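Here is the structure we will look at, set down as structure tokens.
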Amino acid sequence: MDSLRFLHPELLWLLLVIPLLALLRGRKGPAPALIFPTVSIIRTIAAQRKTMPGRFHGLLRLSALALLILAMARPQWGNTTTEVEASGIDILLAVDISGSMEAMDFALQGRTVNRLTVVKSVVARFIEDRPNDRIGLVAFAGRPYMVCPLTLDHDWLLQRLESLKTGMIEDGTAIGSAIAAGVNRLRDQEAKSRILILLTDGMNNAGKVAPLIAAEAAETLGIKVYTIGVGTRGTAPMPVTDQFGRKLIRRVRVDIDEETLSQVASMTGAKYYRATGTKSLENIYKEINAMEATIRKIKHFSRYRELFPWLVYAALLLLGMELYISRKRLP
């Protein structure tokens, strides 16, 4: 869209001088005192027609000054176009939303929260750091669920991420099926690099596809699968509801099949990580972000036409008119 801009907009402040000059010019001085030898001279002057010079030549001067100030500010008319070349990297995020993600072994902003809350916060920052990548989201528990397909509309993606909660899908941990679903989404994409980042806090106990079988498919198609295991080692506090409807916190054992997750990552040329706290999880996503660097090409095209010559011509015209009127003799 075409627009008007000033190359030196700070000079526009000089326009404030115009009203001040007009005010000073309009102030009345002392009444003139003239001595006439006869009243016939006064009658002759009174009979003369009033002319325009005294009324307009001041206005013309101020208008010309305003135009010259605008010209010095360098007004330009045109447009600027920015082209951003996408990175060519497609990323699919697979997030575990099984019941065990309710475990309260993480902290966020000084308060204890469950794993899923921290994961959503960290993943959101990862998404914001990669504005030029197509990113999608898969949630999984007893089966995988496509939350958001690959997209550059990251605002919508972040909304879908925030909507994740445990209990959306039947419980369980279908790691193999989640990998297979992600690979199936990425297989037909023409991006130069395709990666799947899978996060879980458990062991594969659901679904119809074994994790290593899904990893073989990913390896064949050239898709990297980064795997992340989340949860403290040993036991973790888990909120439960007893038979009387009371909410209690109990310690439950943390079981993550690190060996399988490590094999999946190694087979596809990626890496396995273990996050036992919020900081370590943040560092993991930062490391993946650095390894899968985005290459951006930004091009700027500007097309602007200078308008100041026309303002200068108009100012000179007004000054010429003022000079002509001021020298015009009274009839």
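Labeling convention for the structure tokens: chains A, B, ... as they appear, residues from 1 per chain, ligands from 1 in order of appearance.
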Wanna dump the region 113-185 of chain A-region 214-225 of chain A contacts at 6 Å for me, each residue with its shortest atom pair and the distance in Å to one decimal, counting only C-alpha atoms, ordered by chain and number, as CSV?
residue,atom,partner,partner_atom,distance
A:Gly176,CA,A:Ala214,CA,5.9
A:Ile179,CA,A:Ala214,CA,5.9
A:Ala180,CA,A:Ala214,CA,5.1
A:Val183,CA,A:Ala218,CA,5.9
Would you kindly return, as a list in words, each protein, DNA or RNA residue with an atom no farther than 6 Å from any atom of Ile91 (chain A), considering only C-alpha atoms and excluding same-chain residues fewer than 4 positions away?
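Skipping anything fewer than 4 positions along the chain leaves Ile135, Ile195 and Leu196 of chain A.
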Take the residues from that selection and write them out as a CSV table (one decimal), in the first residue's frame, keeping N, CA and C atoms.
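Generated output (result.csv):
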chain,number,residue,atom,x,y,z
A,135,ILE,N,5.4,-25.3,11.8
A,135,ILE,CA,5.4,-26.1,13.0
A,135,ILE,C,4.0,-26.7,13.2
A,195,ILE,N,11.8,-32.6,11.1
A,195,ILE,CA,12.2,-33.1,12.4
A,195,ILE,C,10.9,-33.3,13.3
A,196,LEU,N,11.0,-34.3,14.2
A,196,LEU,CA,10.0,-34.6,15.1
A,196,LEU,C,10.6,-34.5,16.5
Give me the region 158-248 of chain A side of the contact with region 122-126 of chain A, cut-off 9 Å, one line per residue showing its nearest atom pair and distance in Å at one decimal, counting only C-alpha atoms, sorted by chain and residue number, as a tab-separated table.
residue	atom	partner	partner_atom	distance
A:Leu158	CA	A:Ala124	CA	6.4
A:Leu161	CA	A:Ala124	CA	7.6
A:Glu162	CA	A:Ala124	CA	8.5
Please return as a ChimeraX atom specification: the residues of region 99-300 of chain A that backbone DSSP assigns to strand (DSSP E or B). /A:106-108,111-113,134-140,144-151,193-200,224-230,235-241,247-253,272-275,297-300
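The residue that comes closest to Ala210 (chain A), out of A:Ala270, A:Asp188, A:Leu108, A:Leu261 and on the basis of only C-alpha atoms, is A:Leu261.
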Exercise. Which residues, written as a list in words, have at least one atom at most 9 Å from Glu292 (chain A), with only C-alpha atoms counted and residues fewer than 3 positions away on the same chain left out?
Worked result: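 Returned residues: Ile89, Ser193, Ile195, Glu287, Ile288 and Asn289 of chain A.
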Please provide the set of residues having any atom within 7 Å of region 62-73 of chain A, restricted to only C-alpha atoms, with same-chain residues fewer than 3 positions apart removed, written as a compact mmCIF listing (two decimals) with N, CA and C atoms, in the first residue's frame.
# COMPACT_ATOMS: atom_id res chain seq x y z
N PHE A 6 8.19 11.07 5.79
CA PHE A 6 9.14 12.17 5.81
C PHE A 6 10.52 11.63 6.17
N LEU A 7 11.50 11.96 5.34
CA LEU A 7 12.85 11.46 5.59
C LEU A 7 13.46 12.13 6.82
N HIS A 8 13.09 13.39 7.09
CA HIS A 8 13.58 14.10 8.27
C HIS A 8 12.38 14.65 9.06
N PRO A 9 11.62 13.79 9.70
CA PRO A 9 10.39 14.24 10.37
C PRO A 9 10.63 15.19 11.53
N LEU A 11 12.23 17.84 11.54
CA LEU A 11 12.14 19.24 11.10
C LEU A 11 10.71 19.77 11.10
N LEU A 12 9.74 18.88 11.19
CA LEU A 12 8.34 19.33 11.21
C LEU A 12 8.02 20.14 12.46
N LEU A 14 9.48 22.65 13.32
CA LEU A 14 9.64 24.06 12.97
C LEU A 14 8.31 24.70 12.56
N LEU A 15 7.34 23.88 12.19
CA LEU A 15 6.03 24.43 11.82
C LEU A 15 5.36 25.15 12.98
N ILE A 18 5.29 28.97 12.88
CA ILE A 18 4.37 29.71 12.02
C ILE A 18 3.27 30.41 12.82
N GLY A 58 1.23 39.19 4.16
CA GLY A 58 1.75 38.47 5.33
C GLY A 58 1.37 37.01 5.32
N LEU A 59 0.11 36.72 4.93
CA LEU A 59 -0.34 35.34 4.84
C LEU A 59 0.45 34.55 3.81
N PHE A 308 9.53 17.02 -2.40
CA PHE A 308 9.97 18.34 -1.96
C PHE A 308 10.12 19.35 -3.10
N LEU A 311 6.97 21.30 -3.46
CA LEU A 311 6.74 22.23 -2.35
C LEU A 311 7.60 23.48 -2.52
N VAL A 312 8.81 23.30 -2.99
CA VAL A 312 9.69 24.46 -3.22
C VAL A 312 9.11 25.35 -4.32
N ALA A 315 6.24 27.26 -2.90
CA ALA A 315 6.69 28.34 -2.03
C ALA A 315 7.22 29.52 -2.84
N LEU A 318 4.31 31.47 -4.26
CA LEU A 318 3.67 32.34 -3.26
C LEU A 318 4.52 33.58 -2.98
N LEU A 319 5.84 33.38 -2.89
CA LEU A 319 6.71 34.54 -2.65
C LEU A 319 6.66 35.50 -3.84
#### Entry: Near-Ala206 (chain A) list (10 Å; only C-alpha atoms; drop same-chain fewer than 3 positions) as a PyMOL selection string
chain A and resi 141-143+171-177+203+209-210
Write the selection just made, keeping N, CA and C atoms, as an mmCIF file, in the first residue's frame?
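Contents of the output file selection.cif:
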data_model
loop_
_atom_site.group_PDB
_atom_site.id
_atom_site.type_symbol
_atom_site.label_atom_id
_atom_site.label_comp_id
_atom_site.auth_asym_id
_atom_site.auth_seq_id
_atom_site.Cartn_x
_atom_site.Cartn_y
_atom_site.Cartn_z
ATOM 1 N N ALA A 141 -1.691 -39.855 24.217
ATOM 2 C CA ALA A 141 -1.807 -40.587 25.477
ATOM 3 C C ALA A 141 -1.974 -42.055 25.077
ATOM 4 N N GLY A 142 -3.218 -42.596 25.164
ATOM 5 C CA GLY A 142 -3.439 -43.961 24.696
ATOM 6 C C GLY A 142 -3.401 -44.056 23.177
ATOM 7 N N ARG A 143 -3.504 -42.920 22.481
ATOM 8 C CA ARG A 143 -3.400 -42.834 21.021
ATOM 9 C C ARG A 143 -2.988 -41.418 20.655
ATOM 10 N N ASP A 171 -6.403 -42.770 28.495
ATOM 11 C CA ASP A 171 -5.079 -42.782 29.118
ATOM 12 C C ASP A 171 -4.207 -43.903 28.579
ATOM 13 N N GLY A 172 -2.920 -43.702 28.738
ATOM 14 C CA GLY A 172 -1.916 -44.628 28.248
ATOM 15 C C GLY A 172 -0.761 -43.828 27.675
ATOM 16 N N THR A 173 0.254 -44.519 27.158
ATOM 17 C CA THR A 173 1.406 -43.838 26.571
ATOM 18 C C THR A 173 1.783 -44.551 25.280
ATOM 19 N N ALA A 174 1.237 -44.077 24.171
ATOM 20 C CA ALA A 174 1.467 -44.695 22.863
ATOM 21 C C ALA A 174 2.601 -43.977 22.144
ATOM 22 N N ILE A 175 3.823 -44.227 22.594
ATOM 23 C CA ILE A 175 4.985 -43.543 22.024
ATOM 24 C C ILE A 175 5.182 -43.932 20.561
ATOM 25 N N GLY A 176 5.120 -45.234 20.276
ATOM 26 C CA GLY A 176 5.323 -45.692 18.906
ATOM 27 C C GLY A 176 4.290 -45.130 17.943
ATOM 28 N N SER A 177 3.034 -45.127 18.366
ATOM 29 C CA SER A 177 1.968 -44.592 17.508
ATOM 30 C C SER A 177 2.124 -43.093 17.300
ATOM 31 N N MET A 203 6.559 -44.978 29.645
ATOM 32 C CA MET A 203 7.000 -46.079 28.806
ATOM 33 C C MET A 203 5.891 -46.427 27.824
ATOM 34 N N VAL A 209 1.834 -49.621 17.254
ATOM 35 C CA VAL A 209 3.145 -49.538 16.605
ATOM 36 C C VAL A 209 4.234 -49.464 17.663
ATOM 37 N N ALA A 210 5.248 -50.321 17.531
ATOM 38 C CA ALA A 210 6.377 -50.287 18.460
ATOM 39 C C ALA A 210 7.253 -49.081 18.147
#
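Counting from CA of Thr151 (chain A), the distance to CA of Tyr285 (chain A) is 19.4 Å.
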